[in-house]
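A.B. asks: Right, I'll just put the structure down here and ask away after.
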Amino acid sequence: MPRIILPSISPDDRELAVTDQNLKYLRDVLRVSRGHEVIVLDGHGLAFKTGVREVGEKHILLEVRGSCSISTESPLPLVLIQGLLKGDRMDLVIQKATELGVREIFPVVTERSQVRFSRKLEHWKRVAEEATRQSGRLLVPVIHDVCKMRDIFDCLKDGSLRIIFFESENKGFKLPSSISGSFVYYMVGPEGGFTGKEIQGAKESGFRILRAETASIAGAVLLQFLFGDL
C-alpha cells in the first residue's frame with residue numbers, strides 16, 4: 001500500500017487534501033484513482049489508513065478510514081552527529097542513516113569541514129522524508145539545524161552512550177553487552193577527519209573512540225547489530 005507523509009495531520013482529521021509533491025507522486029507516478037487505499041503518516045508516530053475519494057488537477061481528497069499500527073521502528077534511540085560533507089555526500093548519509101533507523105541527525109561544522117554553512121536544512125528534511133517513505137518507517141528522523149561542533153555537547157542527554165569514530169585511532173575499548181533505554185550518540189567527521197583538539201573535546205564530553213573508515217553508514221549498521229534489531 002502506498003505511503004505519503006503529511007506532517008500537519010491530526011487525530012481528529014476525517015478528510016485530507018493532498019497537494020504539491022505528494023499529489024504528483026500519487027496521481028502521476030502511482031496513478032491512483034477513486035477507492036485506492038493510501039497510508040498517511042505525520043512522521044512523528046501518527047498513521048492513518050485512507051481511501052481516495054477524489055482525484056483532481058490541484059488536489060487529491062483522501063477519506064480517513066481509521067488509524068493503523070506500524071511497528072517498523074528500531075528499539076535503539078540512535079543519533080548521528082555528522083561533520084558536514086561536500087556535495088551530495090550529506091544526502092547519501094542522511095538517506096542511508098534514515099533507512100538504518102537513526103532517530104536524529106545533527107549536522108556539525110568542524111575545523112576541517114570543507115564547506116561553508118549552507119541553508120540546506122529543508123532539502124535534508126525532504127531527503128529524510130523520502131527515505132522514510134521508501135523504507136517503510138513510521139518516524140521521520142529529526143534533522144537539526146547546522147551548529148558548530150563545540151556547541152553540540154550541550155545538546156546531548158545525560159546517561160547516554162557516546163562514541164566517536166576516528167580513522168587515526170589505534171586503540172579500542174569494549175562496548176557494553178547491552179543498553180537499556182539509553183540514547184546512543186555516534187559522531188563522524190568530514191572528509192578531512194577530526195583535529196586533535198576536537199578529539200580531546202569529545203573525550204572530555206564522555207565520548208569513547210572507535211577506529212572506522214566509512215563510519216556514518218557502517219557505524220549505524222554496527223550499533224544496530226549490537227543494540228538494535230538487525
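Convention: chains lettered A, B, ... in C-alpha cells order; per-chain residue numbering from 1; ligands numbered from 1 as shown.
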With DSSP run on the backbone, what are the strand (DSSP E or B) residues within range 99-200 of chain A? I'd like them as a list in words.

C.D. replies: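 So, restricting range 99-200 of chain A to strand (DSSP E or B), we get Glu104, Ile105, Phe106, Pro107, Val108, Val109, Leu139, Val142, Ile143, Cys147, Lys148, Leu161, Arg162, Ile163, Ile164, Phe165, Val184, Tyr185, Tyr186, Met187 and Val188 of chain A.
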
A.B. asks: Env of Glu111 in chain A: 10 Å cut, atoms = only C-alpha atoms, seq-sep filter 6 positions within chain, self excluded. Answer as a ChimeraX atom specification.

C.D. replies: /A:83,148-149,189-190,192-195,197-198

A.B. asks: Could the residues in this selection be written to a file with N, CA and C atoms, as a PDB file, in the first residue's frame?

C.D. replies:
ATOM      1  N   GLY A  83      29.874  15.468  10.769  1.00  0.00           N
ATOM      2  CA  GLY A  83      30.605  16.601  10.226  1.00  0.00           C
ATOM      3  C   GLY A  83      30.163  16.868   8.798  1.00  0.00           C
ATOM      4  N   LYS A 148      27.998  24.440  15.315  1.00  0.00           N
ATOM      5  CA  LYS A 148      29.421  24.180  15.444  1.00  0.00           C
ATOM      6  C   LYS A 148      29.645  23.013  16.405  1.00  0.00           C
ATOM      7  N   MET A 149      30.704  22.275  16.156  1.00  0.00           N
ATOM      8  CA  MET A 149      30.951  21.073  16.957  1.00  0.00           C
ATOM      9  C   MET A 149      31.071  21.392  18.443  1.00  0.00           C
ATOM     10  N   GLY A 189      33.388  12.432  11.447  1.00  0.00           N
ATOM     11  CA  GLY A 189      33.958  13.660  10.924  1.00  0.00           C
ATOM     12  C   GLY A 189      33.726  13.856   9.436  1.00  0.00           C
ATOM     13  N   PRO A 190      34.194  14.993   8.907  1.00  0.00           N
ATOM     14  CA  PRO A 190      34.107  15.280   7.468  1.00  0.00           C
ATOM     15  C   PRO A 190      35.218  14.547   6.725  1.00  0.00           C
ATOM     16  N   GLY A 192      38.158  15.390   5.882  1.00  0.00           N
ATOM     17  CA  GLY A 192      39.493  15.533   6.454  1.00  0.00           C
ATOM     18  C   GLY A 192      39.636  14.983   7.858  1.00  0.00           C
ATOM     19  N   GLY A 193      38.555  14.460   8.421  1.00  0.00           N
ATOM     20  CA  GLY A 193      38.610  13.900   9.770  1.00  0.00           C
ATOM     21  C   GLY A 193      38.605  14.972  10.847  1.00  0.00           C
ATOM     22  N   PHE A 194      38.738  14.537  12.079  1.00  0.00           N
ATOM     23  CA  PHE A 194      38.768  15.443  13.224  1.00  0.00           C
ATOM     24  C   PHE A 194      40.192  15.897  13.525  1.00  0.00           C
ATOM     25  N   THR A 195      40.308  17.063  14.138  1.00  0.00           N
ATOM     26  CA  THR A 195      41.610  17.512  14.643  1.00  0.00           C
ATOM     27  C   THR A 195      41.826  16.937  16.037  1.00  0.00           C
ATOM     28  N   LYS A 197      42.415  18.580  18.677  1.00  0.00           N
ATOM     29  CA  LYS A 197      41.670  19.400  19.633  1.00  0.00           C
ATOM     30  C   LYS A 197      40.219  18.950  19.710  1.00  0.00           C
ATOM     31  N   GLU A 198      39.627  18.621  18.569  1.00  0.00           N
ATOM     32  CA  GLU A 198      38.236  18.162  18.557  1.00  0.00           C
ATOM     33  C   GLU A 198      38.086  16.808  19.228  1.00  0.00           C
TER      34      GLU A 198
END

A.B. asks: DSSP on the backbone: what in range 77-183 of chain A comes out helix (DSSP H, G or I), as an NGL selection string?

C.D. replies: :A and (89-99 or 121-135 or 149-155)

A.B. asks: Could you save the residues just selected, with N, CA and C atoms, as a JSON list (two decimals), in the first residue's frame?

C.D. replies:
[["chain", "number", "residue", "atom", "x", "y", "z"],
["A", 89, "ARG", "N", 27.19, 14.19, -0.70],
["A", 89, "ARG", "CA", 27.51, 13.14, 0.27],
["A", 89, "ARG", "C", 26.64, 13.23, 1.52],
["A", 90, "MET", "N", 26.26, 14.44, 1.91],
["A", 90, "MET", "CA", 25.36, 14.56, 3.06],
["A", 90, "MET", "C", 24.01, 13.92, 2.74],
["A", 91, "ASP", "N", 23.54, 14.09, 1.51],
["A", 91, "ASP", "CA", 22.27, 13.47, 1.11],
["A", 91, "ASP", "C", 22.34, 11.96, 1.28],
["A", 92, "LEU", "N", 23.45, 11.37, 0.82],
["A", 92, "LEU", "CA", 23.60, 9.91, 0.90],
["A", 92, "LEU", "C", 23.62, 9.45, 2.35],
["A", 93, "VAL", "N", 24.36, 10.17, 3.20],
["A", 93, "VAL", "CA", 24.44, 9.79, 4.61],
["A", 93, "VAL", "C", 23.06, 9.88, 5.26],
["A", 94, "ILE", "N", 22.34, 10.96, 5.01],
["A", 94, "ILE", "CA", 21.01, 11.13, 5.61],
["A", 94, "ILE", "C", 20.06, 10.04, 5.11],
["A", 95, "GLN", "N", 20.13, 9.74, 3.83],
["A", 95, "GLN", "CA", 19.27, 8.69, 3.27],
["A", 95, "GLN", "C", 19.53, 7.34, 3.92],
["A", 96, "LYS", "N", 20.78, 6.92, 3.97],
["A", 96, "LYS", "CA", 21.12, 5.60, 4.50],
["A", 96, "LYS", "C", 20.95, 5.53, 6.01],
["A", 97, "ALA", "N", 21.26, 6.62, 6.71],
["A", 97, "ALA", "CA", 21.06, 6.64, 8.16],
["A", 97, "ALA", "C", 19.58, 6.50, 8.48],
["A", 98, "THR", "N", 18.72, 7.15, 7.68],
["A", 98, "THR", "CA", 17.28, 7.02, 7.87],
["A", 98, "THR", "C", 16.84, 5.57, 7.66],
["A", 99, "GLU", "N", 17.32, 4.96, 6.59],
["A", 99, "GLU", "CA", 16.96, 3.57, 6.30],
["A", 99, "GLU", "C", 17.42, 2.63, 7.41],
["A", 121, "LEU", "N", 18.82, 22.82, 5.15],
["A", 121, "LEU", "CA", 18.05, 22.08, 6.13],
["A", 121, "LEU", "C", 16.76, 21.54, 5.54],
["A", 122, "GLU", "N", 16.00, 22.36, 4.82],
["A", 122, "GLU", "CA", 14.73, 21.90, 4.26],
["A", 122, "GLU", "C", 14.95, 20.79, 3.23],
["A", 123, "HIS", "N", 16.03, 20.91, 2.46],
["A", 123, "HIS", "CA", 16.36, 19.86, 1.49],
["A", 123, "HIS", "C", 16.67, 18.55, 2.21],
["A", 124, "TRP", "N", 17.47, 18.62, 3.26],
["A", 124, "TRP", "CA", 17.81, 17.40, 4.02],
["A", 124, "TRP", "C", 16.58, 16.77, 4.63],
["A", 125, "LYS", "N", 15.65, 17.60, 5.10],
["A", 125, "LYS", "CA", 14.40, 17.06, 5.66],
["A", 125, "LYS", "C", 13.62, 16.31, 4.59],
["A", 126, "ARG", "N", 13.61, 16.83, 3.37],
["A", 126, "ARG", "CA", 12.91, 16.13, 2.29],
["A", 126, "ARG", "C", 13.58, 14.81, 1.96],
["A", 127, "VAL", "N", 14.92, 14.79, 2.00],
["A", 127, "VAL", "CA", 15.66, 13.54, 1.78],
["A", 127, "VAL", "C", 15.27, 12.51, 2.84],
["A", 128, "ALA", "N", 15.19, 12.95, 4.10],
["A", 128, "ALA", "CA", 14.83, 12.04, 5.19],
["A", 128, "ALA", "C", 13.39, 11.56, 5.04],
["A", 129, "GLU", "N", 12.48, 12.44, 4.62],
["A", 129, "GLU", "CA", 11.08, 12.04, 4.43],
["A", 129, "GLU", "C", 10.96, 11.00, 3.32],
["A", 130, "GLU", "N", 11.67, 11.23, 2.21],
["A", 130, "GLU", "CA", 11.61, 10.27, 1.10],
["A", 130, "GLU", "C", 12.18, 8.92, 1.52],
["A", 131, "ALA", "N", 13.29, 8.93, 2.26],
["A", 131, "ALA", "CA", 13.89, 7.68, 2.72],
["A", 131, "ALA", "C", 12.98, 6.97, 3.71],
["A", 132, "THR", "N", 12.26, 7.74, 4.54],
["A", 132, "THR", "CA", 11.30, 7.14, 5.47],
["A", 132, "THR", "C", 10.19, 6.44, 4.70],
["A", 133, "ARG", "N", 9.66, 7.11, 3.70],
["A", 133, "ARG", "CA", 8.58, 6.52, 2.90],
["A", 133, "ARG", "C", 9.04, 5.27, 2.17],
["A", 134, "GLN", "N", 10.23, 5.35, 1.56],
["A", 134, "GLN", "CA", 10.74, 4.23, 0.77],
["A", 134, "GLN", "C", 11.07, 3.02, 1.64],
["A", 135, "SER", "N", 11.54, 3.26, 2.86],
["A", 135, "SER", "CA", 11.98, 2.16, 3.72],
["A", 135, "SER", "C", 10.88, 1.62, 4.63],
["A", 149, "MET", "N", 30.70, 22.28, 16.16],
["A", 149, "MET", "CA", 30.95, 21.07, 16.96],
["A", 149, "MET", "C", 31.07, 21.39, 18.44],
["A", 150, "ARG", "N", 31.68, 22.52, 18.77],
["A", 150, "ARG", "CA", 31.88, 22.84, 20.19],
["A", 150, "ARG", "C", 30.56, 23.10, 20.91],
["A", 151, "ASP", "N", 29.49, 23.36, 20.15],
["A", 151, "ASP", "CA", 28.20, 23.64, 20.77],
["A", 151, "ASP", "C", 27.33, 22.39, 20.92],
["A", 152, "ILE", "N", 27.73, 21.29, 20.28],
["A", 152, "ILE", "CA", 26.86, 20.13, 20.24],
["A", 152, "ILE", "C", 26.77, 19.41, 21.59],
["A", 153, "PHE", "N", 27.83, 19.51, 22.39],
["A", 153, "PHE", "CA", 27.89, 18.70, 23.60],
["A", 153, "PHE", "C", 26.81, 19.10, 24.61],
["A", 154, "ASP", "N", 26.37, 20.33, 24.58],
["A", 154, "ASP", "CA", 25.31, 20.78, 25.49],
["A", 154, "ASP", "C", 23.93, 20.25, 25.09],
["A", 155, "CYS", "N", 23.82, 19.68, 23.89],
["A", 155, "CYS", "CA", 22.52, 19.20, 23.39],
["A", 155, "CYS", "C", 22.26, 17.74, 23.72]]

A.B. asks: Taking only C-alpha atoms into account, which of A:Val221, A:Val38, A:Cys68, A:Leu161 comes nearest Gly101 in chain A?

C.D. replies: A:Val221

A.B. asks: Write out as a PyMOL selection string the residues lying within 8 Å of Val55 in chain A, counting only C-alpha atoms and excluding same-chain residues fewer than 4 positions away.

C.D. replies: chain A and resi 27+33-34+59-61

A.B. asks: Pick out the closest residue to Ala17 in chain A from this set: A:Lys157, A:Arg3, A:Arg53, A:Arg162. Count only C-alpha atoms.

C.D. replies: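 With only C-alpha atoms as the atom set, the closest residue is A:Arg53.
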
A.B. asks: Would you pick out the contacts of Gly206 in chain A at 12 Å or less, using only C-alpha atoms, so that residues sharing its chain but fewer than 2 positions from it are not included, and give the list as number ranges by chain?

C.D. replies: A: 153-154, 156-164, 184-187, 199-204, 208-209

A.B. asks: Take the selection from the previous step and output its residues with C-alpha atoms, as a PDB file, in the first residue's frame.

C.D. replies:
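Result file part-v8.pdb:
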ATOM      1  CA  PHE A 153      27.888  18.700  23.601  1.00  0.00           C
ATOM      2  CA  ASP A 154      25.309  20.780  25.492  1.00  0.00           C
ATOM      3  CA  LEU A 156      23.156  15.600  24.439  1.00  0.00           C
ATOM      4  CA  LYS A 157      21.112  13.678  27.003  1.00  0.00           C
ATOM      5  CA  ASP A 158      22.701  12.556  30.245  1.00  0.00           C
ATOM      6  CA  GLY A 159      23.394   8.867  30.748  1.00  0.00           C
ATOM      7  CA  SER A 160      23.908   8.231  27.043  1.00  0.00           C
ATOM      8  CA  LEU A 161      26.468   6.039  25.299  1.00  0.00           C
ATOM      9  CA  ARG A 162      28.761   8.311  23.274  1.00  0.00           C
ATOM     10  CA  ILE A 163      31.076   7.057  20.530  1.00  0.00           C
ATOM     11  CA  ILE A 164      33.285   8.978  18.127  1.00  0.00           C
ATOM     12  CA  VAL A 184      23.440   6.177  21.620  1.00  0.00           C
ATOM     13  CA  TYR A 185      25.261   9.118  20.027  1.00  0.00           C
ATOM     14  CA  TYR A 186      27.860   8.411  17.371  1.00  0.00           C
ATOM     15  CA  MET A 187      29.976  11.146  15.848  1.00  0.00           C
ATOM     16  CA  ILE A 199      39.004  14.610  19.654  1.00  0.00           C
ATOM     17  CA  GLN A 200      40.126  15.899  23.054  1.00  0.00           C
ATOM     18  CA  GLY A 201      36.937  17.953  23.403  1.00  0.00           C
ATOM     19  CA  ALA A 202      34.843  14.889  22.576  1.00  0.00           C
ATOM     20  CA  LYS A 203      36.711  12.808  25.142  1.00  0.00           C
ATOM     21  CA  GLU A 204      36.090  15.425  27.800  1.00  0.00           C
ATOM     22  CA  ARG A 208      34.832   6.992  23.561  1.00  0.00           C
ATOM     23  CA  ILE A 209      36.847   6.418  20.401  1.00  0.00           C
TER      24      ILE A 209
END

A.B. asks: Which value, in Å to one decimal, gives the distance between CA of Asp229 in chain A and CA of Ile70 in chain A?

C.D. replies: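 Result for CA of Asp229 in chain A versus CA of Ile70 in chain A: 15.4 Å, one decimal.
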
A.B. asks: So the first atom is CA of Ser74 in chain A and the second is CA of Lys120 in chain A; what is the distance between them in Å, to one decimal place?

C.D. replies: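 CA of Lys120 in chain A lies 26.9 Å from CA of Ser74 in chain A.
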
A.B. asks: Using only C-alpha atoms, which of the listed residues (A:Leu76, A:Ile81, A:Leu139, A:Leu223) sits closest to Leu6 in chain A?

C.D. replies: A:Leu139

A.B. asks: Taking only C-alpha atoms into account, which of A:Asp42, A:Asp12, A:Glu37, A:Asp88 comes nearest Leu62 in chain A?

C.D. replies: A:Glu37

A.B. asks: Which residues, written as a PyMOL selection string, have at least one atom at most 6 Å from Ile105 in chain A, with only C-alpha atoms counted and residues fewer than 5 positions away on the same chain left out?

C.D. replies: chain A and resi 79-81+143

A.B. asks: Mind writing the picked residues with C-alpha atoms as a PDB file, in the first residue's frame?

C.D. replies:
ATOM      1  CA  VAL A  79      21.602   9.650  16.978  1.00  0.00           C
ATOM      2  CA  LEU A  80      24.181  10.602  14.320  1.00  0.00           C
ATOM      3  CA  ILE A  81      26.404  13.659  14.737  1.00  0.00           C
ATOM      4  CA  ILE A 143      17.281  16.812  11.182  1.00  0.00           C
TER       5      ILE A 143
END

A.B. asks: Using only C-alpha atoms for the distances, tell me which of A:Pro7, A:Gly228, A:Gly56, A:Ser205 is nearest to Asp28 in chain A.

C.D. replies: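 Nearest to Asp28 in chain A: A:Gly56.
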
A.B. asks: Can you list, as a list in words, every protein, DNA or RNA residue that comes within 10 Å of range 9-11 of chain A when you count only C-alpha atoms, leaving out same-chain residues fewer than 4 positions away?

C.D. replies: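 Close residues of range 9-11 of chain A: Ile5, Glu15, Leu16, Val40, Leu41, Asp42, Gly43, Leu46, Ala47, Phe48, Val64, Gly66 and Ser67 of chain A.
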
A.B. asks: Take the selection from the previous step and output its residues with N, CA and C atoms, as a PDB file, in the first residue's frame.

C.D. replies:
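Result file out.pdb:
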ATOM      1  N   ILE A   5       3.709  11.259   3.440  1.00  0.00           N
ATOM      2  CA  ILE A   5       3.924  11.923   4.721  1.00  0.00           C
ATOM      3  C   ILE A   5       3.325  13.314   4.669  1.00  0.00           C
ATOM      4  N   GLU A  15     -10.859  13.986   6.659  1.00  0.00           N
ATOM      5  CA  GLU A  15     -10.584  14.129   5.236  1.00  0.00           C
ATOM      6  C   GLU A  15      -9.280  14.888   5.066  1.00  0.00           C
ATOM      7  N   LEU A  16      -8.487  14.467   4.109  1.00  0.00           N
ATOM      8  CA  LEU A  16      -7.183  15.084   3.891  1.00  0.00           C
ATOM      9  C   LEU A  16      -7.066  15.522   2.439  1.00  0.00           C
ATOM     10  N   VAL A  40      -1.174   7.296   5.330  1.00  0.00           N
ATOM     11  CA  VAL A  40      -0.697   8.664   5.531  1.00  0.00           C
ATOM     12  C   VAL A  40      -0.044   8.753   6.904  1.00  0.00           C
ATOM     13  N   LEU A  41       1.190   9.230   6.941  1.00  0.00           N
ATOM     14  CA  LEU A  41       1.954   9.380   8.181  1.00  0.00           C
ATOM     15  C   LEU A  41       2.183  10.859   8.466  1.00  0.00           C
ATOM     16  N   ASP A  42       2.318  11.184   9.758  1.00  0.00           N
ATOM     17  CA  ASP A  42       2.761  12.548  10.077  1.00  0.00           C
ATOM     18  C   ASP A  42       4.254  12.601  10.357  1.00  0.00           C
ATOM     19  N   GLY A  43       4.923  11.451  10.383  1.00  0.00           N
ATOM     20  CA  GLY A  43       6.367  11.398  10.624  1.00  0.00           C
ATOM     21  C   GLY A  43       6.747  11.402  12.077  1.00  0.00           C
ATOM     22  N   LEU A  46       1.951   9.147  14.155  1.00  0.00           N
ATOM     23  CA  LEU A  46       0.551   9.017  13.771  1.00  0.00           C
ATOM     24  C   LEU A  46       0.462   8.432  12.363  1.00  0.00           C
ATOM     25  N   ALA A  47      -0.423   7.441  12.192  1.00  0.00           N
ATOM     26  CA  ALA A  47      -0.594   6.804  10.881  1.00  0.00           C
ATOM     27  C   ALA A  47      -2.070   6.562  10.623  1.00  0.00           C
ATOM     28  N   PHE A  48      -2.532   6.975   9.442  1.00  0.00           N
ATOM     29  CA  PHE A  48      -3.920   6.791   9.022  1.00  0.00           C
ATOM     30  C   PHE A  48      -3.981   5.820   7.855  1.00  0.00           C
ATOM     31  N   VAL A  64     -10.345   9.532   5.583  1.00  0.00           N
ATOM     32  CA  VAL A  64      -9.690   8.815   6.678  1.00  0.00           C
ATOM     33  C   VAL A  64     -10.603   7.687   7.136  1.00  0.00           C
ATOM     34  N   GLY A  66      -9.437   5.313   9.416  1.00  0.00           N
ATOM     35  CA  GLY A  66      -9.048   4.893  10.757  1.00  0.00           C
ATOM     36  C   GLY A  66      -7.543   4.941  10.928  1.00  0.00           C
ATOM     37  N   SER A  67      -7.105   4.828  12.165  1.00  0.00           N
ATOM     38  CA  SER A  67      -5.673   4.785  12.429  1.00  0.00           C
ATOM     39  C   SER A  67      -5.149   3.381  12.173  1.00  0.00           C
TER      40      SER A  67
END

A.B. asks: Determine the nearest neighbour of His36 in chain A from the options A:Glu63, A:Asp145, A:Glu57, A:Asp20, counting only C-alpha atoms.

C.D. replies: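 Ranking A:Glu63, A:Asp145, A:Glu57, A:Asp20 by distance to His36 in chain A, first place goes to A:Glu63.
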
A.B. asks: To one decimal place in Å, what is the distance between CA of Glu54 in chain A and CA of Leu138 in chain A?

C.D. replies: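 Atom-to-atom, CA of Glu54 in chain A to CA of Leu138 in chain A, that is 25.6 Å.
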